[in-house]
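Here is the file my_file25.cif (mmCIF, C-alpha atoms).
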```cif
data_input
#
loop_
_atom_site.label_atom_id
_atom_site.label_comp_id
_atom_site.auth_asym_id
_atom_site.auth_seq_id
_atom_site.Cartn_x
_atom_site.Cartn_y
_atom_site.Cartn_z
CA MET A 1 22.75 -1.74 -17.66
CA LYS A 2 22.33 1.14 -20.07
CA ARG A 3 21.64 0.30 -23.70
CA GLN A 4 23.42 1.81 -26.70
CA ARG A 5 21.25 4.41 -28.41
CA THR A 6 20.93 3.93 -32.19
CA GLY A 7 19.80 7.41 -33.12
CA PRO A 8 18.78 10.80 -31.74
CA SER A 9 15.08 10.20 -32.50
CA ASP A 10 14.87 6.99 -30.50
CA ARG A 11 12.25 6.93 -27.78
CA PRO A 12 13.87 6.32 -24.39
CA GLU A 13 13.58 2.66 -23.48
CA ALA A 14 12.34 1.88 -19.97
CA ILE A 15 12.05 -1.44 -18.17
CA VAL A 16 10.08 -1.78 -14.94
CA VAL A 17 10.60 -4.92 -12.84
CA GLY A 18 7.59 -5.81 -10.72
CA ALA A 19 3.92 -5.43 -11.67
CA GLY A 20 2.59 -4.54 -8.24
CA ILE A 21 0.98 -1.15 -7.70
CA ALA A 22 4.28 0.77 -7.55
CA GLY A 23 5.62 -0.88 -10.68
CA ALA A 24 2.39 -0.72 -12.66
CA MET A 25 1.81 2.97 -11.90
CA THR A 26 5.45 3.82 -12.67
CA ALA A 27 5.31 1.91 -15.96
CA LEU A 28 2.11 3.73 -16.98
CA ALA A 29 3.64 7.10 -16.08
CA LEU A 30 6.85 6.36 -18.03
CA LEU A 31 4.80 5.30 -21.03
CA ARG A 32 2.78 8.52 -20.90
CA LYS A 33 6.01 10.51 -20.66
CA GLY A 34 7.07 9.11 -24.02
CA CYS A 35 9.15 6.06 -23.08
CA SER A 36 8.95 2.71 -24.82
CA THR A 37 8.13 0.75 -21.68
CA THR A 38 8.26 -2.94 -20.76
CA LEU A 39 6.82 -4.26 -17.50
CA ILE A 40 8.24 -7.57 -16.21
CA ASP A 41 6.79 -9.80 -13.49
CA ARG A 42 7.18 -13.42 -12.40
CA TRP A 43 3.41 -13.86 -12.32
CA GLU A 44 0.30 -12.36 -13.82
CA PRO A 45 -0.74 -8.98 -12.34
CA GLY A 46 -2.73 -9.41 -9.13
CA HIS A 47 -1.25 -12.85 -8.41
CA VAL A 48 -2.20 -14.09 -4.95
CA ARG A 49 1.42 -14.12 -3.74
CA ALA A 50 1.85 -10.44 -4.52
CA SER A 51 1.45 -7.69 -1.93
CA SER A 52 -1.09 -5.82 -4.09
CA SER A 53 -3.51 -8.69 -4.59
CA ASP A 54 -6.15 -8.43 -1.85
CA VAL A 55 -9.71 -7.23 -2.47
CA THR A 56 -9.48 -3.86 -0.70
CA ARG A 57 -7.08 -1.32 0.75
CA ILE A 58 -7.82 1.67 2.97
CA LEU A 59 -7.34 5.14 1.55
CA ARG A 60 -6.71 7.27 4.66
CA MET A 61 -5.09 10.67 4.98
CA ILE A 62 -3.97 10.30 8.58
CA HIS A 63 -0.18 10.39 8.80
CA GLY A 64 0.45 12.10 12.12
CA ARG A 65 2.59 15.19 11.67
CA ASP A 66 3.80 14.12 8.21
CA GLU A 67 2.36 16.73 5.86
CA LEU A 68 3.94 15.33 2.69
CA TYR A 69 2.23 11.95 2.93
CA THR A 70 -1.05 13.60 3.86
CA GLU A 71 -0.88 15.80 0.76
CA TRP A 72 0.19 12.86 -1.40
CA VAL A 73 -2.87 10.87 -0.34
CA ARG A 74 -5.17 13.78 -1.14
CA GLU A 75 -3.62 14.03 -4.61
CA ALA A 76 -3.66 10.25 -5.07
CA ARG A 77 -7.36 10.18 -4.27
CA LEU A 78 -8.02 12.52 -7.18
CA ARG A 79 -5.82 10.39 -9.43
CA TRP A 80 -7.73 7.26 -8.45
CA LEU A 81 -10.98 9.01 -9.32
CA GLU A 82 -9.56 10.00 -12.72
CA LEU A 83 -8.45 6.43 -13.37
CA GLN A 84 -11.91 5.24 -12.35
CA GLU A 85 -13.41 7.41 -15.07
CA GLU A 86 -10.86 6.20 -17.64
CA MET A 87 -11.45 2.54 -16.79
CA ASN A 88 -15.23 2.85 -16.33
CA CYS A 89 -15.28 0.69 -13.21
CA THR A 90 -15.37 1.24 -9.44
CA LEU A 91 -11.91 1.69 -7.95
CA PHE A 92 -12.66 3.97 -4.98
CA VAL A 93 -15.57 3.78 -2.53
CA GLN A 94 -15.91 6.94 -0.43
CA CYS A 95 -17.24 5.36 2.75
CA GLY A 96 -15.01 7.43 5.04
CA ALA A 97 -12.15 6.38 7.31
CA LEU A 98 -12.54 6.32 11.08
CA ILE A 99 -9.45 6.60 13.26
CA LEU A 100 -10.04 5.32 16.80
CA ALA A 101 -7.96 6.95 19.54
CA GLY A 102 -7.97 4.81 22.69
CA ARG A 103 -7.83 6.24 26.19
CA LYS A 104 -4.06 5.65 26.16
CA HIS A 105 -3.55 6.73 22.56
CA THR A 106 -0.23 7.95 21.20
CA ALA A 107 0.61 11.40 19.85
CA TRP A 108 -0.08 10.12 16.32
CA GLU A 109 -3.80 10.87 16.50
CA ASP A 110 -3.39 14.25 18.23
CA GLU A 111 -0.74 15.35 15.74
CA THR A 112 -2.99 14.32 12.87
CA LEU A 113 -5.68 16.74 14.05
CA VAL A 114 -3.12 19.57 13.92
CA THR A 115 -2.03 18.50 10.43
CA PHE A 116 -5.62 18.25 9.20
CA GLU A 117 -6.43 21.73 10.47
CA LYS A 118 -3.32 23.18 8.85
CA LEU A 119 -3.91 21.52 5.47
CA GLY A 120 -7.69 21.85 5.42
CA VAL A 121 -8.44 18.12 5.36
CA PRO A 122 -12.20 17.60 5.94
CA HIS A 123 -12.75 15.72 9.20
CA PHE A 124 -14.78 15.47 12.39
CA ARG A 125 -13.54 14.81 15.90
CA LEU A 126 -16.10 12.62 17.65
CA GLY A 127 -16.23 11.62 21.31
CA SER A 128 -16.92 8.01 22.23
CA GLY A 129 -20.60 8.70 22.85
CA GLU A 130 -20.98 10.41 19.50
CA LEU A 131 -19.14 7.55 17.81
CA GLU A 132 -21.51 4.89 19.06
CA LYS A 133 -24.55 6.94 18.09
CA ARG A 134 -23.24 7.60 14.59
CA PHE A 135 -21.63 4.19 14.07
CA PRO A 136 -23.43 1.63 16.25
CA GLN A 137 -21.42 -1.15 14.62
CA PHE A 138 -18.44 -0.18 16.81
CA CYS A 139 -18.09 -0.80 20.55
CA CYS A 140 -16.27 2.32 21.77
CA HIS A 141 -16.22 2.02 25.58
CA ASP A 142 -12.39 2.08 25.56
CA ILE A 143 -12.11 4.88 22.96
CA GLU A 144 -11.49 8.52 23.93
CA TYR A 145 -12.32 10.01 20.54
CA GLY A 146 -12.40 9.25 16.85
CA ILE A 147 -11.34 11.15 13.74
CA LEU A 148 -13.69 10.70 10.82
CA GLU A 149 -12.12 11.49 7.45
CA THR A 150 -15.11 12.15 5.23
CA GLU A 151 -13.28 12.12 1.87
CA SER A 152 -11.46 8.85 2.55
CA GLY A 153 -12.63 5.30 2.00
CA LEU A 154 -11.49 2.07 0.41
CA LEU A 155 -9.81 1.10 -2.84
CA MET A 156 -10.68 -2.00 -4.83
CA ALA A 157 -7.08 -3.12 -4.74
CA LYS A 158 -6.76 -6.12 -7.03
CA ARG A 159 -9.16 -4.59 -9.54
CA GLY A 160 -7.26 -1.32 -9.53
CA LEU A 161 -3.97 -3.09 -10.16
CA VAL A 162 -5.26 -5.38 -12.92
CA GLN A 163 -7.06 -2.48 -14.62
CA THR A 164 -3.94 -0.29 -14.45
CA VAL A 165 -1.84 -2.96 -16.15
CA GLY A 166 -4.58 -3.39 -18.74
CA LEU A 167 -4.61 0.36 -19.42
CA PHE A 168 -0.80 0.30 -19.72
CA GLN A 169 -1.06 -2.43 -22.37
CA ARG A 170 -3.86 -0.72 -24.29
CA GLU A 171 -1.74 2.42 -24.55
CA GLY A 172 1.17 0.49 -26.04
CA GLY A 173 3.07 -0.86 -23.04
CA ARG A 174 4.54 -4.36 -23.13
CA LEU A 175 3.95 -6.91 -20.37
CA VAL A 176 6.44 -9.79 -20.11
CA ARG A 177 6.34 -12.80 -17.78
CA GLY A 178 9.67 -13.90 -16.36
CA ARG A 179 12.11 -13.75 -13.48
CA VAL A 180 14.79 -11.10 -13.07
CA GLU A 181 17.88 -12.08 -11.06
CA THR A 182 21.09 -10.43 -9.91
CA ASP A 183 24.75 -11.41 -9.60
CA THR A 184 27.12 -10.71 -6.69
CA ASP A 185 27.53 -7.10 -7.87
CA GLU A 186 23.72 -6.71 -7.94
CA GLN A 187 23.70 -6.39 -11.71
CA LEU A 188 20.32 -7.31 -13.17
CA PHE A 189 19.81 -10.23 -15.56
CA PHE A 190 16.77 -11.47 -17.45
CA ASP A 191 16.77 -14.82 -19.26
CA GLY A 192 20.50 -15.03 -18.57
CA LYS A 193 21.27 -11.74 -20.28
CA PRO A 194 22.06 -8.33 -18.72
CA LEU A 195 18.96 -6.19 -18.35
CA GLU A 196 19.69 -3.13 -20.48
CA ALA A 197 17.62 0.00 -21.06
CA ASP A 198 17.90 3.77 -20.78
CA ILE A 199 15.83 3.57 -17.59
CA VAL A 200 15.45 0.58 -15.27
CA VAL A 201 13.03 0.72 -12.34
CA VAL A 202 12.95 -2.15 -9.86
CA ALA A 203 9.69 -2.22 -7.89
CA ALA A 204 9.75 -5.85 -6.79
CA GLY A 205 7.97 -5.34 -3.46
CA PRO A 206 8.97 -7.89 -0.82
CA TRP A 207 11.46 -9.48 -3.24
CA LEU A 208 13.65 -6.34 -3.29
CA GLY A 209 15.85 -7.66 -0.50
CA GLY A 210 16.45 -10.91 -2.37
CA LEU A 211 17.41 -9.07 -5.53
CA PHE A 212 19.66 -6.64 -3.70
CA PRO A 213 21.03 -8.50 -0.66
CA ARG A 214 23.86 -6.01 -0.08
CA SER A 215 22.18 -2.64 -0.62
CA ILE A 216 18.48 -3.17 0.19
CA LYS A 217 18.11 -6.23 2.40
CA PRO A 218 19.76 -4.58 5.44
CA ILE A 219 17.11 -1.82 5.46
CA VAL A 220 13.92 -3.83 4.88
CA LYS A 221 11.98 -6.41 6.82
CA VAL A 222 9.25 -8.54 5.30
CA VAL A 223 6.52 -9.40 7.79
CA ARG A 224 3.50 -11.61 7.51
CA GLN A 225 0.02 -10.10 7.54
CA ASP A 226 -2.98 -12.35 8.11
CA ILE A 227 -6.40 -11.03 7.16
CA VAL A 228 -9.82 -12.42 8.05
CA TYR A 229 -13.18 -11.67 6.40
CA THR A 230 -16.33 -12.11 8.51
CA SER A 231 -19.83 -12.52 7.10
CA THR A 232 -22.34 -9.77 7.68
CA PRO A 233 -25.56 -10.73 9.51
CA ASP A 234 -28.42 -12.06 7.41
CA SER A 235 -30.60 -9.30 5.90
CA GLU A 236 -28.64 -6.49 7.62
CA THR A 237 -26.90 -3.65 5.77
CA GLU A 238 -25.19 -1.77 8.59
CA TYR A 239 -21.82 -3.45 7.92
CA ASP A 240 -21.89 -2.54 4.22
CA ALA A 241 -19.74 0.26 2.82
CA SER A 242 -22.88 2.33 2.29
CA ARG A 243 -23.28 2.63 6.10
CA MET A 244 -19.94 1.78 7.70
CA PRO A 245 -16.50 3.41 7.29
CA CYS A 246 -13.05 1.84 7.06
CA TRP A 247 -11.24 2.06 10.37
CA VAL A 248 -7.79 2.16 11.94
CA ASP A 249 -7.61 1.10 15.60
CA HIS A 250 -4.08 2.19 16.42
CA GLY A 251 -4.10 1.08 20.04
CA TYR A 252 -4.93 -2.49 19.04
CA GLY A 253 -2.88 -2.45 15.86
CA GLY A 254 -6.16 -3.27 14.17
CA TYR A 255 -7.68 -2.02 10.94
CA GLY A 256 -10.23 -3.07 8.38
CA THR A 257 -12.86 -2.29 5.80
CA PRO A 258 -16.63 -2.72 5.65
CA SER A 259 -18.22 -5.26 3.37
CA VAL A 260 -18.14 -4.21 -0.27
CA GLU A 261 -19.53 -6.18 -3.19
CA GLY A 262 -20.29 -9.03 -0.80
CA SER A 263 -16.75 -9.38 0.56
CA GLY A 264 -17.66 -9.49 4.25
CA VAL A 265 -16.01 -7.29 6.90
CA LYS A 266 -12.23 -7.34 6.55
CA ALA A 267 -10.15 -7.15 9.73
CA ALA A 268 -6.47 -7.57 10.55
CA ILE A 269 -4.12 -7.13 13.45
CA ALA A 270 -0.72 -5.74 12.48
CA TRP A 271 1.93 -8.05 13.90
CA ALA A 272 5.35 -6.67 13.00
CA GLU A 273 7.38 -9.54 14.45
CA THR A 274 5.86 -12.35 12.36
CA VAL A 275 8.19 -12.96 9.43
CA ILE A 276 7.32 -14.84 6.26
CA ASP A 277 9.42 -16.94 3.91
CA LEU A 278 8.36 -15.64 0.51
CA ASP A 279 9.37 -18.79 -1.35
CA ASP A 280 8.56 -21.62 1.05
CA ASP A 281 5.72 -20.59 3.37
CA GLU A 282 2.22 -21.69 2.47
CA ARG A 283 -0.15 -18.74 2.02
CA VAL A 284 -2.63 -19.80 4.68
CA VAL A 285 -3.58 -17.84 7.77
CA ASP A 286 -1.70 -18.82 10.90
CA ASP A 287 -3.92 -20.29 13.65
CA SER A 288 -2.77 -17.83 16.31
CA ALA A 289 -3.35 -14.87 14.00
CA PHE A 290 -6.76 -16.24 13.06
CA HIS A 291 -7.89 -16.51 16.69
CA ARG A 292 -6.32 -13.16 17.62
CA THR A 293 -8.20 -11.43 14.82
CA ARG A 294 -11.46 -13.18 15.66
CA GLN A 295 -11.09 -12.07 19.29
CA TYR A 296 -10.54 -8.49 18.16
CA VAL A 297 -13.65 -8.60 15.93
CA ARG A 298 -15.74 -9.85 18.86
CA HIS A 299 -14.38 -7.03 21.04
CA ARG A 300 -14.88 -4.16 18.60
CA PHE A 301 -17.97 -5.39 16.70
CA PRO A 302 -20.32 -7.22 19.07
CA GLY A 303 -22.94 -7.42 16.33
CA LEU A 304 -20.67 -9.82 14.43
CA VAL A 305 -20.41 -12.32 17.28
CA GLY A 306 -21.49 -15.72 15.93
CA GLN A 307 -20.95 -14.76 12.29
CA ARG A 308 -18.83 -17.09 10.20
CA VAL A 309 -15.45 -16.39 8.64
CA VAL A 310 -16.01 -16.37 4.88
CA ASP A 311 -12.49 -15.70 3.59
CA GLN A 312 -8.92 -15.32 4.82
CA LYS A 313 -5.66 -14.27 3.24
CA ALA A 314 -2.00 -14.48 4.15
CA CYS A 315 0.15 -11.82 2.56
CA GLN A 316 3.13 -9.67 3.46
CA ILE A 317 4.25 -6.12 4.18
CA THR A 318 7.75 -4.80 3.48
CA THR A 319 8.70 -2.44 6.28
CA THR A 320 11.53 0.07 6.65
CA PRO A 321 12.95 1.31 9.98
CA ASP A 322 11.21 4.69 9.74
CA THR A 323 8.16 3.55 7.68
CA HIS A 324 9.23 5.78 4.76
CA PHE A 325 9.32 4.43 1.23
CA ILE A 326 12.51 3.60 -0.65
CA LEU A 327 12.81 5.64 -3.83
CA ASP A 328 16.38 6.23 -4.97
CA PHE A 329 18.96 5.17 -7.52
CA HIS A 330 20.96 2.06 -6.78
CA PRO A 331 24.27 3.08 -5.16
CA TRP A 332 26.37 1.20 -7.76
CA HIS A 333 24.18 1.28 -10.86
CA GLY A 334 23.26 4.85 -11.69
CA ASN A 335 20.34 4.25 -14.05
CA VAL A 336 18.58 1.70 -11.81
CA LEU A 337 15.87 3.27 -9.68
CA VAL A 338 14.66 1.24 -6.69
CA VAL A 339 11.05 1.81 -5.56
CA GLY A 340 9.47 0.01 -2.60
CA GLY A 341 9.50 -0.29 1.15
CA CYS A 342 5.72 -0.01 1.29
CA SER A 343 5.52 -0.18 5.12
CA GLY A 344 1.86 -1.02 4.67
CA HIS A 345 0.81 2.35 3.26
CA LEU A 346 2.11 2.62 -0.32
CA PHE A 347 -0.89 1.22 -2.20
CA LYS A 348 -3.15 4.22 -1.69
CA HIS A 349 -0.30 6.52 -2.79
CA GLY A 350 0.11 4.44 -5.96
CA PRO A 351 -0.70 6.98 -8.72
CA VAL A 352 1.41 9.70 -7.08
CA VAL A 353 4.33 7.37 -6.34
CA GLY A 354 4.26 6.18 -9.95
CA GLU A 355 4.26 9.70 -11.35
CA PHE A 356 7.00 10.81 -8.97
CA ALA A 357 9.15 7.72 -9.59
CA ALA A 358 8.87 8.18 -13.35
CA GLY A 359 9.96 11.82 -13.00
CA VAL A 360 12.94 10.85 -10.85
CA ALA A 361 13.90 8.07 -13.28
CA MET A 362 13.85 10.54 -16.18
CA ARG A 363 15.90 13.04 -14.13
CA GLU A 364 13.12 15.61 -14.12
CA TRP A 365 13.80 16.36 -10.46
CA GLY A 366 15.89 15.14 -7.57
CA THR A 367 15.07 12.66 -4.83
CA PRO A 368 13.93 14.00 -1.44
CA LYS A 369 16.30 13.13 1.37
CA ARG A 370 13.68 11.04 3.14
CA PHE A 371 13.74 8.38 0.41
CA LYS A 372 17.52 7.96 0.09
CA ILE A 373 18.98 4.45 0.25
CA GLY A 374 21.36 4.19 3.16
CA LYS A 375 20.11 7.34 4.92
CA ARG A 376 17.40 5.72 7.00
CA SER A 377 19.00 6.43 10.40
CA GLU A 378 18.79 10.17 9.78
CA LEU A 379 15.01 10.08 9.53
CA SER A 380 12.20 9.84 12.01
CA VAL A 381 8.45 9.71 11.64
CA ALA A 382 5.64 8.85 14.04
CA ASP A 383 4.81 5.16 14.02
CA SER A 384 1.65 4.36 12.13
CA PRO A 385 -0.36 1.16 11.64
CA SER A 386 -0.43 -0.53 8.29
CA GLY A 387 -3.92 0.49 7.19
CA ARG A 388 -3.87 -1.91 4.27
#
```

Once more with this new file: its structure as structure tokens, please.
Amino acid sequence: MKRQRTGPSDRPEAIVVGAGIAGAMTALALLRKGCSTTLIDRWEPGHVRASSSDVTRILRMIHGRDELYTEWVREARLRWLELQEEMNCTLFVQCGALILAGRKHTAWEDETLVTFEKLGVPHFRLGSGELEKRFPQFCCHDIEYGILETESGLLMAKRGLVQTVGLFQREGGRLVRGRVETDTDEQLFFDGKPLEADIVVVAAGPWLGGLFPRSIKPIVKVVRQDIVYTSTPDSETEYDASRMPCWVDHGYGGYGTPSVEGSGVKAAIAWAETVIDLDDDERVVDDSAFHRTRQYVRHRFPGLVGQRVVDQKACQITTTPDTHFILDFHPWHGNVLVVGGCSGHLFKHGPVVGEFAAGVAMREWGTPKRFKIGKRSELSVADSPSGR
């Protein structure tokens, strides 16, 4: 899969498969490192079947005891702000992120407080009484305490992705529509011909397992995620991003974002056992998930009782056994870098993952052990909710 170089002055040729956030950010980083870069996707960037296509994502720094991911999010936040300036549009809304620790919460929240103190992450620990005074939108009778991350907030997900691909094209990158496939040896083909370049990065999101059924499929699971948007009350602003934070409700497996640009309040319940057929399933919200999410909204946000659902989305999350990303060279094809395994928390890391993946692809540094293909059983990390 490596092309023949025609001269010493040739720019390295890079091909990135998959125009989701990991692929788009990697392609932009490779381009800025001097590569002639082509980005390939089956659909247009931000397509509704893609994992990166929803309106918003949470940018949260909470990662339990995992200091690397916490530091990556802090760096990614700065990168998102830089991209926002470059693109001259809103990509990040600093409304804060509120982590709700129930009365039977896990160690994840407690360990996060230790990590935040060690790394100097700005935050407040608020008791349930303080929470309801500061954020009356939330019913907190079953909450022991909350962690408010003041520098966190939400990302305008689809906009950020589409704008990143647009920036990539304006700077000389090439976007191609088409489908990449593999043979029994997991060699890559495009339009019936071997995919050849100095650097090949495959960031195909939930389709990674289908492309690499022998090496990747055994270590990933694609699960369905149903999301419901609820209207805010007439004439009220307390559910807008100007007054309400994003939240992660670990005990319920719930998370969501306030209304931004008229979106309504987004809420979801992570349901790791609900699989999705990427090719055949209709992208409509399952009835049981719809009613489960509505019940959760009524429980946590009594002020939204009686409000109408204004939007809903069915998408997917690619999970790994330890919730770490996959970022390593293919075991049989040495110049093919595989990037994915989002586990519901890659989007916010996007600019840092792209920069790191590009550096690994160009052999600027090695791959940390935690991301190695086939080494998943050696790793452990505290369970965390998706926080999409």

* Structure fact -> Correct to one decimal, the distance CA of Arg308 (chain A)-CA of Asp234 (chain A) is 11.2 Å

* To do: Evaluate the PyMOL selection byres ((chain A and resi 139) around 10) and record the selected residues as a PyMOL selection string, following the chain and residue labels used in the document.
  => chain A and resi 128+131-132+135-138+140-143+298-303

* Nearest to Val93 (chain A) among A:Cys246, A:Ile62, A:Val114, A:Leu327, with distances taken over all atoms listed in the file: which residue is it? -> A:Cys246

* To do: Show which residues sit within 7 Å of Asp240 (chain A), as a VMD selection string. Count only C-alpha atoms, and ignore same-chain residues fewer than 2 positions away.
  => chain A and resid 237 to 238 242 to 244 258 to 260

* To do: For Ala29 (chain A), please output as a ChimeraX atom specification all residues within 10 Å (counting all atoms listed in the file; exclusion window: fewer than 2 positions along the same chain).
  => /A:23-27,31-35,37,168,351-359

* Written as a count of residues only, which residues does the PyMOL selection byres ((chain A and resi 182-185) around 12) give for the file shown? -> 28

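Considering only C-alpha atoms, the residue among A:Phe371, A:Trp247, A:Trp108, A:Phe329 positioned nearest to Ser152 (chain A) is A:Trp247.
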